[in-house]
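Next comes work-v1.cif, a file with mmCIF, C-alpha atoms.
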data_my_file
loop_
_atom_site.label_atom_id
_atom_site.label_comp_id
_atom_site.auth_asym_id
_atom_site.auth_seq_id
_atom_site.Cartn_x
_atom_site.Cartn_y
_atom_site.Cartn_z
CA MET A 1 -2.56 -22.83 3.16
CA VAL A 2 0.89 -24.08 2.09
CA ARG A 3 3.77 -22.32 3.82
CA TYR A 4 7.30 -22.10 2.41
CA MET A 5 10.34 -21.41 4.58
CA SER A 6 13.61 -20.33 3.03
CA GLY A 7 16.93 -18.80 3.91
CA VAL A 8 17.31 -17.20 0.52
CA GLY A 9 15.31 -14.57 -1.29
CA PHE A 10 14.67 -13.43 -4.79
CA LEU A 11 15.06 -10.49 -7.13
CA LEU A 12 11.89 -8.73 -8.14
CA LEU A 13 13.57 -5.84 -9.92
CA LEU A 14 13.24 -6.07 -13.67
CA ALA A 15 15.95 -3.51 -14.38
CA LEU A 16 19.62 -4.40 -14.81
CA GLY A 17 22.21 -2.86 -12.55
CA ALA A 18 25.68 -3.72 -11.32
CA PRO A 19 25.96 -4.50 -7.59
CA GLY A 20 26.44 -1.36 -5.60
CA CYS A 21 25.16 1.06 -8.22
CA ALA A 22 22.35 3.42 -7.34
CA VAL A 23 19.91 5.83 -8.91
CA ASP A 24 19.82 9.11 -6.99
CA SER A 25 16.99 11.59 -6.67
CA PRO A 26 17.75 15.23 -7.55
CA GLU A 27 19.69 17.26 -5.01
CA PRO A 28 17.26 18.94 -2.60
CA GLU A 29 17.09 22.58 -1.69
CA GLY A 30 17.64 22.72 2.05
CA ASP A 31 17.24 20.06 4.71
CA LEU A 32 15.24 17.44 2.81
CA PRO A 33 15.55 13.68 2.45
CA THR A 34 16.93 12.18 -0.74
CA PHE A 35 16.61 8.58 -1.86
CA ARG A 36 18.62 6.16 -3.97
CA ALA A 37 17.32 2.91 -5.38
CA ASP A 38 18.94 -0.22 -3.94
CA PRO A 39 19.86 -2.65 -6.75
CA ASP A 40 20.57 -5.49 -4.30
CA TRP A 41 17.14 -5.63 -2.65
CA PRO A 42 15.37 -8.00 -2.65
CA ARG A 43 17.62 -11.00 -3.26
CA PRO A 44 17.18 -13.42 -6.19
CA PHE A 45 14.60 -16.17 -5.94
CA ALA A 46 15.96 -19.66 -5.44
CA GLU A 47 12.55 -20.97 -6.49
CA ASN A 48 11.01 -20.69 -9.95
CA TRP A 49 8.73 -17.83 -8.86
CA VAL A 50 7.65 -14.55 -10.40
CA LEU A 51 5.15 -11.99 -9.16
CA GLY A 52 1.87 -10.86 -10.63
CA ALA A 53 0.44 -7.40 -9.95
CA VAL A 54 1.82 -6.29 -6.57
CA THR A 55 -1.11 -4.75 -4.69
CA GLY A 56 0.19 -4.54 -1.13
CA ILE A 57 3.46 -3.92 0.74
CA ALA A 58 4.04 -3.39 4.47
CA VAL A 59 6.95 -3.19 6.93
CA ASP A 60 6.63 -4.77 10.38
CA ALA A 61 8.35 -3.99 13.68
CA ARG A 62 11.33 -6.19 12.73
CA ASP A 63 11.79 -4.21 9.51
CA HIS A 64 10.61 -7.30 7.66
CA VAL A 65 8.78 -6.48 4.45
CA TRP A 66 5.51 -8.21 3.53
CA VAL A 67 4.15 -8.38 -0.01
CA THR A 68 0.88 -9.62 -1.44
CA HIS A 69 0.10 -9.84 -5.13
CA SER A 70 -2.37 -11.09 -7.70
CA PRO A 71 -1.01 -13.79 -10.06
CA SER A 72 -3.86 -12.94 -12.42
CA GLY A 73 -1.88 -9.82 -13.25
CA GLY A 74 0.83 -11.85 -14.95
CA GLY A 75 0.78 -12.97 -18.56
CA GLY A 76 0.96 -16.50 -19.93
CA ALA A 77 4.59 -16.14 -20.94
CA ALA A 78 5.55 -14.99 -17.44
CA PHE A 79 3.97 -18.12 -15.96
CA GLY A 80 5.03 -20.47 -18.75
CA ALA A 81 5.98 -23.36 -16.46
CA ALA A 82 2.53 -23.22 -14.86
CA GLN A 83 0.65 -23.70 -18.15
CA ASP A 84 -0.99 -27.03 -18.99
CA PRO A 85 1.04 -28.27 -20.76
CA PRO A 86 4.03 -26.09 -19.76
CA ILE A 87 5.27 -23.82 -22.53
CA SER A 88 8.65 -23.12 -20.90
CA THR A 89 10.87 -24.05 -17.97
CA CYS A 90 10.11 -20.72 -16.27
CA CYS A 91 8.13 -19.63 -14.34
CA VAL A 92 5.33 -20.21 -11.81
CA PRO A 93 3.34 -17.68 -9.77
CA ALA A 94 4.96 -16.78 -6.48
CA PRO A 95 3.00 -17.60 -3.32
CA ASP A 96 0.23 -15.18 -2.40
CA VAL A 97 2.01 -13.60 0.59
CA ILE A 98 5.78 -13.28 1.01
CA GLU A 99 7.84 -12.09 3.99
CA PHE A 100 11.37 -10.72 3.43
CA ASP A 101 14.01 -9.96 6.04
CA PRO A 102 15.81 -6.57 5.95
CA ASP A 103 18.45 -7.98 3.60
CA GLY A 104 15.80 -9.04 1.10
CA ASN A 105 15.89 -12.78 1.78
CA VAL A 106 12.62 -14.72 1.81
CA VAL A 107 11.72 -15.67 5.38
CA GLN A 108 8.46 -17.43 4.56
CA ALA A 109 5.72 -17.46 1.95
CA TRP A 110 2.07 -18.48 2.07
CA VAL A 111 0.01 -20.19 -0.60
CA MET A 112 -3.53 -19.43 0.51
CA ASP A 113 -5.91 -22.36 0.08
CA GLY A 114 -8.96 -20.60 1.51
CA ASP A 115 -9.58 -23.12 4.29
CA GLY A 116 -12.65 -21.61 5.96
CA TYR A 117 -12.59 -18.43 3.85
CA GLU A 118 -12.31 -17.35 0.22
CA TRP A 119 -8.96 -15.93 -0.83
CA PRO A 120 -9.51 -12.96 -3.16
CA SER A 121 -8.49 -12.89 -6.79
CA ILE A 122 -7.14 -9.40 -6.01
CA PRO A 123 -5.77 -9.02 -2.47
CA HIS A 124 -5.48 -5.28 -1.91
CA GLY A 125 -3.46 -3.70 0.88
CA ILE A 126 -1.49 -5.42 3.63
CA PHE A 127 -0.56 -4.27 7.15
CA VAL A 128 1.28 -5.95 10.04
CA ASP A 129 0.07 -4.62 13.39
CA HIS A 130 1.72 -4.21 16.80
CA THR A 131 0.62 -7.72 17.84
CA ASP A 132 2.24 -9.30 14.74
CA HIS A 133 -1.08 -9.99 13.03
CA VAL A 134 -1.24 -9.60 9.26
CA TRP A 135 -4.24 -7.76 7.77
CA ILE A 136 -5.10 -8.14 4.09
CA GLY A 137 -7.88 -6.48 2.14
CA SER A 138 -10.11 -8.71 0.03
CA ARG A 139 -11.09 -6.12 -2.53
CA PRO A 140 -13.49 -8.09 -4.79
CA ASN A 141 -14.99 -10.00 -1.85
CA HIS A 142 -15.76 -6.89 0.28
CA GLN A 143 -13.87 -8.29 3.27
CA LEU A 144 -10.93 -7.65 5.56
CA LEU A 145 -8.94 -10.74 6.59
CA LYS A 146 -6.75 -10.97 9.71
CA PHE A 147 -4.11 -13.71 9.98
CA ASN A 148 -1.53 -14.68 12.56
CA ARG A 149 2.12 -14.64 11.53
CA ASP A 150 1.91 -18.27 10.40
CA GLY A 151 -0.90 -17.55 7.95
CA ASP A 152 -3.84 -18.89 9.96
CA LEU A 153 -7.06 -16.86 9.65
CA VAL A 154 -8.20 -15.42 13.00
CA LEU A 155 -10.83 -12.82 12.02
CA THR A 156 -12.97 -11.80 9.05
CA ILE A 157 -14.73 -8.43 8.79
CA GLY A 158 -17.44 -7.95 6.18
CA GLU A 159 -19.83 -10.25 4.36
CA LEU A 160 -18.51 -12.30 1.45
CA GLY A 161 -19.53 -10.74 -1.84
CA VAL A 162 -22.05 -8.33 -0.28
CA SER A 163 -21.76 -4.54 0.11
CA GLY A 164 -24.35 -2.32 1.76
CA GLY A 165 -23.09 1.14 0.81
CA SER A 166 -21.05 3.81 2.56
CA ASN A 167 -23.23 4.02 5.67
CA ASP A 168 -23.59 0.30 6.35
CA PRO A 169 -21.88 -0.48 9.69
CA ASP A 170 -21.36 -4.19 9.02
CA ARG A 171 -20.42 -4.59 5.34
CA LEU A 172 -17.47 -3.25 3.40
CA GLY A 173 -17.37 -2.04 -0.20
CA THR A 174 -14.18 -3.14 -2.02
CA PRO A 175 -11.74 -2.01 0.72
CA ALA A 176 -8.35 -0.68 -0.41
CA ASP A 177 -6.06 -0.35 2.64
CA MET A 178 -5.90 -0.49 6.43
CA TRP A 179 -3.89 0.74 9.43
CA VAL A 180 -4.09 -0.42 13.07
CA SER A 181 -3.47 1.94 15.99
CA PRO A 182 -0.98 0.45 18.49
CA GLU A 183 -2.58 2.53 21.27
CA THR A 184 -6.24 1.58 20.81
CA ASN A 185 -6.01 -1.55 18.63
CA GLU A 186 -8.59 0.01 16.32
CA VAL A 187 -8.34 -0.87 12.63
CA PHE A 188 -8.94 2.04 10.26
CA VAL A 189 -10.02 0.94 6.78
CA ALA A 190 -9.86 2.99 3.59
CA ASP A 191 -13.13 1.56 2.29
CA GLY A 192 -12.75 3.29 -0.99
CA TYR A 193 -13.23 1.50 -4.29
CA GLY A 194 -16.96 0.96 -3.86
CA ASN A 195 -17.68 2.99 -0.73
CA ARG A 196 -16.57 6.55 0.07
CA ARG A 197 -15.40 6.43 3.66
CA ILE A 198 -12.99 5.57 6.42
CA ILE A 199 -14.51 2.93 8.71
CA VAL A 200 -13.17 1.84 12.10
CA PHE A 201 -13.47 -1.56 13.80
CA ASP A 202 -12.23 -3.12 17.01
CA GLY A 203 -9.07 -5.01 16.10
CA ASP A 204 -9.83 -7.97 18.35
CA THR A 205 -13.53 -8.55 17.79
CA GLY A 206 -14.19 -6.80 14.47
CA ALA A 207 -17.03 -4.83 16.08
CA TYR A 208 -18.05 -1.65 14.25
CA LEU A 209 -17.02 1.57 16.00
CA ARG A 210 -17.54 4.56 13.63
CA HIS A 211 -17.11 5.84 10.08
CA TRP A 212 -16.89 9.11 8.18
CA GLY A 213 -16.41 10.55 4.70
CA ALA A 214 -14.44 13.47 3.29
CA TYR A 215 -14.06 16.44 5.67
CA GLY A 216 -15.37 14.19 8.45
CA GLU A 217 -18.88 14.43 7.02
CA VAL A 218 -21.46 11.72 6.38
CA PRO A 219 -20.55 9.89 3.15
CA ASP A 220 -23.02 10.23 0.30
CA ASP A 221 -23.08 7.55 -2.40
CA ASP A 222 -25.37 9.69 -4.58
CA TYR A 223 -22.85 12.50 -4.84
CA GLU A 224 -22.09 13.24 -8.50
CA TYR A 225 -18.37 12.73 -8.88
CA GLY A 226 -16.41 13.93 -11.90
CA PRO A 227 -13.27 15.81 -12.96
CA ARG A 228 -13.15 19.27 -11.38
CA GLY A 229 -12.01 22.47 -13.04
CA ALA A 230 -9.27 24.67 -11.60
CA ASP A 231 -11.84 27.22 -10.41
CA GLU A 232 -14.11 24.68 -8.74
CA PRO A 233 -13.91 23.81 -5.04
CA PRO A 234 -12.59 20.36 -4.09
CA ALA A 235 -15.05 17.45 -4.07
CA ARG A 236 -17.06 17.09 -0.85
CA GLN A 237 -16.87 13.29 -1.05
CA PHE A 238 -13.94 10.91 -1.41
CA GLY A 239 -13.16 9.89 -4.98
CA THR A 240 -11.21 6.72 -4.10
CA ALA A 241 -10.12 6.36 -0.46
CA HIS A 242 -7.04 4.32 -1.33
CA GLY A 243 -4.13 4.58 1.14
CA ILE A 244 -4.11 5.23 4.88
CA VAL A 245 -1.51 5.64 7.64
CA GLY A 246 -1.42 6.97 11.21
CA SER A 247 1.26 9.12 12.83
CA ARG A 248 2.78 8.92 16.30
CA ASP A 249 0.96 12.08 17.38
CA GLY A 250 -2.47 10.62 16.70
CA LEU A 251 -3.27 11.94 13.23
CA LEU A 252 -4.61 9.91 10.33
CA TYR A 253 -3.60 10.51 6.70
CA LEU A 254 -5.82 9.40 3.80
CA ALA A 255 -4.76 9.30 0.14
CA ASP A 256 -7.89 10.24 -1.82
CA ARG A 257 -6.73 8.93 -5.16
CA ARG A 258 -9.03 10.34 -7.85
CA ASN A 259 -9.36 13.66 -6.01
CA ASN A 260 -5.57 14.19 -6.12
CA ARG A 261 -5.33 14.98 -2.42
CA VAL A 262 -4.37 14.00 1.09
CA GLN A 263 -6.87 14.60 3.87
CA VAL A 264 -5.84 14.61 7.55
CA PHE A 265 -8.08 13.61 10.46
CA GLN A 266 -7.99 13.02 14.15
CA GLN A 267 -8.75 9.41 14.93
CA ASP A 268 -12.29 10.27 16.00
CA GLY A 269 -12.99 11.51 12.46
CA THR A 270 -12.51 15.23 13.06
CA PHE A 271 -11.20 16.86 9.89
CA VAL A 272 -7.86 18.67 10.27
CA ALA A 273 -6.47 19.67 6.87
CA GLU A 274 -6.07 18.72 3.22
CA ARG A 275 -3.57 19.25 0.44
CA LEU A 276 -4.16 18.87 -3.28
CA VAL A 277 -1.13 17.50 -5.14
CA ALA A 278 -0.83 17.74 -8.93
CA PRO A 279 -4.54 18.62 -9.04
CA GLU A 280 -4.67 18.62 -12.85
CA THR A 281 -4.00 14.85 -12.89
CA LEU A 282 -6.76 12.81 -14.54
CA SER A 283 -7.33 9.04 -14.80
CA SER A 284 -6.99 7.42 -11.36
CA GLY A 285 -5.33 10.46 -9.81
CA SER A 286 -2.12 11.47 -8.04
CA ALA A 287 -2.72 10.18 -4.49
CA HIS A 288 -2.30 6.40 -4.29
CA ASP A 289 -0.64 5.76 -0.91
CA VAL A 290 0.98 7.51 2.04
CA ALA A 291 3.95 6.80 4.33
CA LEU A 292 5.86 8.70 7.01
CA SER A 293 9.50 9.49 7.66
CA ALA A 294 11.31 7.71 10.50
CA ASP A 295 12.63 10.72 12.44
CA ALA A 296 11.17 11.33 15.89
CA ASP A 297 8.79 14.06 14.73
CA GLN A 298 7.92 12.32 11.45
CA ARG A 299 8.65 15.58 9.66
CA PHE A 300 7.82 14.29 6.20
CA LEU A 301 4.82 12.69 4.57
CA TYR A 302 5.42 10.70 1.40
CA LEU A 303 2.70 10.46 -1.24
CA MET A 304 2.82 7.83 -3.96
CA ASP A 305 1.55 9.05 -7.33
CA GLY A 306 0.58 6.18 -9.62
CA VAL A 307 -0.28 8.31 -12.65
CA ASN A 308 2.67 10.73 -12.72
CA HIS A 309 4.94 7.82 -11.61
CA ARG A 310 6.72 9.48 -8.69
CA ILE A 311 6.72 9.91 -4.92
CA TRP A 312 6.01 13.38 -3.59
CA ILE A 313 7.67 14.69 -0.40
CA LEU A 314 5.50 16.88 1.84
CA GLN A 315 6.32 18.69 5.06
CA ARG A 316 3.97 17.12 7.54
CA HIS A 317 3.32 20.21 9.66
CA ASP A 318 1.81 22.22 6.79
CA LEU A 319 1.50 19.63 3.96
CA GLU A 320 3.61 21.82 1.71
CA VAL A 321 5.08 19.89 -1.24
CA VAL A 322 8.85 20.29 -0.98
CA GLY A 323 10.16 17.72 -3.43
CA HIS A 324 9.72 14.44 -5.23
CA PHE A 325 11.72 11.51 -6.58
CA GLY A 326 11.29 8.83 -9.19
CA GLN A 327 10.08 9.08 -12.77
CA GLY A 328 8.22 6.98 -15.28
CA GLY A 329 10.13 4.05 -16.75
CA TYR A 330 11.06 0.40 -16.41
CA GLN A 331 14.60 0.82 -15.12
CA LEU A 332 15.97 0.74 -11.61
CA GLY A 333 14.55 3.57 -9.50
CA GLN A 334 11.80 4.34 -11.99
CA PHE A 335 8.09 3.51 -11.77
CA ILE A 336 5.24 2.44 -13.97
CA ARG A 337 2.02 2.75 -12.00
CA PRO A 338 3.41 2.54 -8.46
CA HIS A 339 0.63 1.33 -6.21
CA ASN A 340 1.63 0.93 -2.54
CA MET A 341 4.49 1.91 -0.26
CA ASP A 342 5.72 1.79 3.32
CA SER A 343 8.78 2.95 5.27
CA ASP A 344 11.00 1.13 7.76
CA SER A 345 12.53 2.21 11.07
CA ARG A 346 15.57 3.66 9.25
CA GLY A 347 13.46 5.79 6.92
CA ASN A 348 13.93 3.68 3.79
CA ILE A 349 10.95 3.46 1.46
CA TYR A 350 9.59 0.27 -0.12
CA SER A 351 7.39 0.50 -3.19
CA SER A 352 5.17 -1.91 -5.08
CA GLU A 353 4.04 -1.69 -8.70
CA ALA A 354 0.92 -3.29 -10.08
CA GLU A 355 1.81 -2.95 -13.75
CA THR A 356 5.52 -3.76 -13.70
CA GLN A 357 4.98 -6.47 -11.08
CA ARG A 358 7.94 -5.65 -8.85
CA VAL A 359 9.01 -4.13 -5.56
CA GLN A 360 11.90 -1.77 -4.91
CA ARG A 361 13.74 -0.31 -1.93
CA PHE A 362 14.88 3.32 -1.78
CA LEU A 363 17.60 4.09 0.78
CA VAL A 364 17.12 7.39 2.60
CA GLN A 365 19.87 9.98 2.77
CA GLY A 366 19.95 12.90 5.19
CA ALA A 367 16.75 14.29 6.66
CA GLY A 368 13.89 11.90 7.36
CA ALA A 369 16.13 9.23 8.91
CA PRO A 370 16.00 8.58 12.69
#

Here is a file; write its structure as structure tokens.
Amino acid sequence: MVRYMSGVGFLLLLALGAPGCAVDSPEPEGDLPTFRADPDWPRPFAENWVLGAVTGIAVDARDHVWVTHSPSGGGGAAFGAAQDPPISTCCVPAPDVIEFDPDGNVVQAWVMDGDGYEWPSIPHGIFVDHTDHVWIGSRPNHQLLKFNRDGDLVLTIGELGVSGGSNDPDRLGTPADMWVSPETNEVFVADGYGNRRIIVFDGDTGAYLRHWGAYGEVPDDDYEYGPRGADEPPARQFGTAHGIVGSRDGLLYLADRRNNRVQVFQQDGTFVAERLVAPETLSSGSAHDVALSADADQRFLYLMDGVNHRIWILQRHDLEVVGHFGQGGYQLGQFIRPHNMDSDSRGNIYSSEAETQRVQRFLVQGAGAP
């Protein structure tokens, strides 16, 4: 693993904008948060780097933002300087994991050499826990990798390249995302591209603790999944368990992507509630990732929609959809296939995009801030 340290950062936004300009969301009705895109975050790269498909973004306790991406998502022209022979003076793939400070400067970056493990072609999901350990999903390798802050591997969960199905306690099935409880140090995994479950491990040892499927029931890999009509009941199994986050009051929120819904659980797997959002959405669905507002009660749940290219705003107490922001497009504040998001201690939202290969920051206004 090669580690870069820098006092400067880089610009991942592909849109043009004058310093200080912003793109505002529509005015809300009532006491709701609004967001404006920040054209000055992150800062420009000093190095000759560009991103591939951004498949993970997380905010740590310092309000530092961590990004992981897949250089395979970038085209030959984007990585012209890395071709053999080079076809241009720019550019080369950015390191696999990058840490930004709150101002958008690069703090450090890791080039993962797989010393003692296999770095995935598609890292998927990233989370920094209360002990400053960095968790990254190895989607094609069926593993979960835990690193210290310097990029040294300290724990691997799952067997390389082997999946045992949704009721296997030891193996994962193309995991998508993870969240670690600061109270119990349990890691909750949205094991959702191949399997249909949430699975829980001890964060220190990686020991299996429990798992469950939709509605807290036993997951069933033989369940016949398909698009559901408006008059049909919701699917009894997860479609794609894709994004996961826990709240301060002990609830767990799961973005069930292809089923266009959020399901809520207690941390023991007891089902609490669900909400369908844009249920007519086809393709990979409307529920890609979830994040929470920064106010004391975490009044709002944010749901990233990678097909309709927006972020939905839900009241957390009843999951009622009360607003949204963003729209499809390549300009500042717009999205094309947004994939992951997280929020910082001030209530700002950070988004990643797999297709447009960028990250953005949205500054919160009004409700939802601490």

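Computed from the coordinates, the atom CA of Ala255 of chain A to atom CA of Ile198 of chain A distance equals 11.0 Å.
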
Please identify all polymer residues within 7 Å of His324 of chain A, counting all atoms listed in the file, omitting same-chain residues fewer than 5 positions from it, and present them as a PyMOL selection string. chain A and resi 310-313

Do you have the atom CA of Ala190 of chain A-atom CA of Arg228 of chain A distance handy? 22.4 Å

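Counting only C-alpha atoms, the residue from A:Ala53, A:Asn340, A:Asn259, A:Asp170 that sits nearest to Ile126 of chain A is A:Asn340.
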
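The residues caught by the PyMOL selection byres ((chain A and resi 252) around 6) in this file are Val245, Gly246, Leu251, Tyr253, Val264, Phe265 and Gln266 of chain A.
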
Keeping only C-alpha atoms, take the residues you just selected and write them out as an mmCIF file, keeping the file's coordinate frame.
data_model
loop_
_atom_site.group_PDB
_atom_site.id
_atom_site.type_symbol
_atom_site.label_atom_id
_atom_site.label_comp_id
_atom_site.auth_asym_id
_atom_site.auth_seq_id
_atom_site.Cartn_x
_atom_site.Cartn_y
_atom_site.Cartn_z
ATOM 1 C CA VAL A 245 -1.510 5.640 7.640
ATOM 2 C CA GLY A 246 -1.420 6.970 11.210
ATOM 3 C CA LEU A 251 -3.270 11.940 13.230
ATOM 4 C CA TYR A 253 -3.600 10.510 6.700
ATOM 5 C CA VAL A 264 -5.840 14.610 7.550
ATOM 6 C CA PHE A 265 -8.080 13.610 10.460
ATOM 7 C CA GLN A 266 -7.990 13.020 14.150
#

Evaluated on this file, the PyMOL selection byres ((chain A and resi 136) around 12) picks out some residues - which ones are they, written as number ranges by chain? A: 55-58, 66-69, 96-97, 112, 119-120, 122-129, 133-135, 137-139, 141-148, 151, 153-157, 175-180, 187, 189

Mind pulling up the distance from atom CA of Pro95 of chain A to atom CA of Gly80 of chain A? 15.8 Å

Compute the distance from (12.3, -17.4, -12.2) to each atom, counting all atoms listed in the file, keep the residues with any atom at most 10 Å away, and return them as a VMD selection string; use the coordinates of the file. chain A and resid 10 to 12 44 to 51 78 to 79 81 89 to 94

Considering all atoms listed in the file, can you say which of A:Gly104, A:Gly306, A:Gly165, A:Gly250 comes closest to His339 of chain A? A:Gly306

Quick one: apply the PyMOL selection byres ((chain A and resi 300) around 7) to the file and drop the selected residues here as a PyMOL selection string. chain A and resi 292-293+298-299+301-302+313-316+368

Write a file of the selected residues as a PDB file, keeping the file's coordinate frame, keeping C-alpha atoms.
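Listed below is the output, part-v2.pdb:
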ATOM      1  CA  LEU A 292       5.860   8.700   7.010  1.00  0.00           C
ATOM      2  CA  SER A 293       9.500   9.490   7.660  1.00  0.00           C
ATOM      3  CA  GLN A 298       7.920  12.320  11.450  1.00  0.00           C
ATOM      4  CA  ARG A 299       8.650  15.580   9.660  1.00  0.00           C
ATOM      5  CA  LEU A 301       4.820  12.690   4.570  1.00  0.00           C
ATOM      6  CA  TYR A 302       5.420  10.700   1.400  1.00  0.00           C
ATOM      7  CA  ILE A 313       7.670  14.690  -0.400  1.00  0.00           C
ATOM      8  CA  LEU A 314       5.500  16.880   1.840  1.00  0.00           C
ATOM      9  CA  GLN A 315       6.320  18.690   5.060  1.00  0.00           C
ATOM     10  CA  ARG A 316       3.970  17.120   7.540  1.00  0.00           C
ATOM     11  CA  GLY A 368      13.890  11.900   7.360  1.00  0.00           C
TER      12      GLY A 368
END

Tell me which of A:Glu217, A:Asp289, A:Glu353, A:Asp231 sits closest to Tyr330 of chain A, counting all atoms listed in the file. A:Glu353

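Omitting Tyr350 of chain A and its sequence neighbours fewer than 3 positions away, and counting all atoms listed in the file, the residues within 7 Å are A:Met341, A:Asp342, A:Ser343, A:Gln360, A:Arg361, A:Phe362.
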
With a distance cut-off of 10 Å and all atoms listed in the file, select the neighbouring residues of segment 345-347 of chain A, excluding the residue or stretch itself and same-chain residues fewer than 3 positions from it, and output the selection as a VMD selection string. chain A and resid 33 35 59 to 63 291 to 295 298 342 350 362 to 370

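The nearest approach to Ile349 of chain A among the residues A:Val290, A:Gly329, A:Ser121, A:His130, with all atoms listed in the file taken into account, belongs to A:Val290.
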
Residue among A:Pro42, A:Gly326, A:Gly161, A:Pro86 lying closest to Asp103 of chain A, counting all atoms listed in the file: A:Pro42

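Checking A:Arg261, A:Val277, A:Gly206, A:Phe238 one by one against Asp221 of chain A, counting all atoms listed in the file, you find the shortest gap at A:Phe238.
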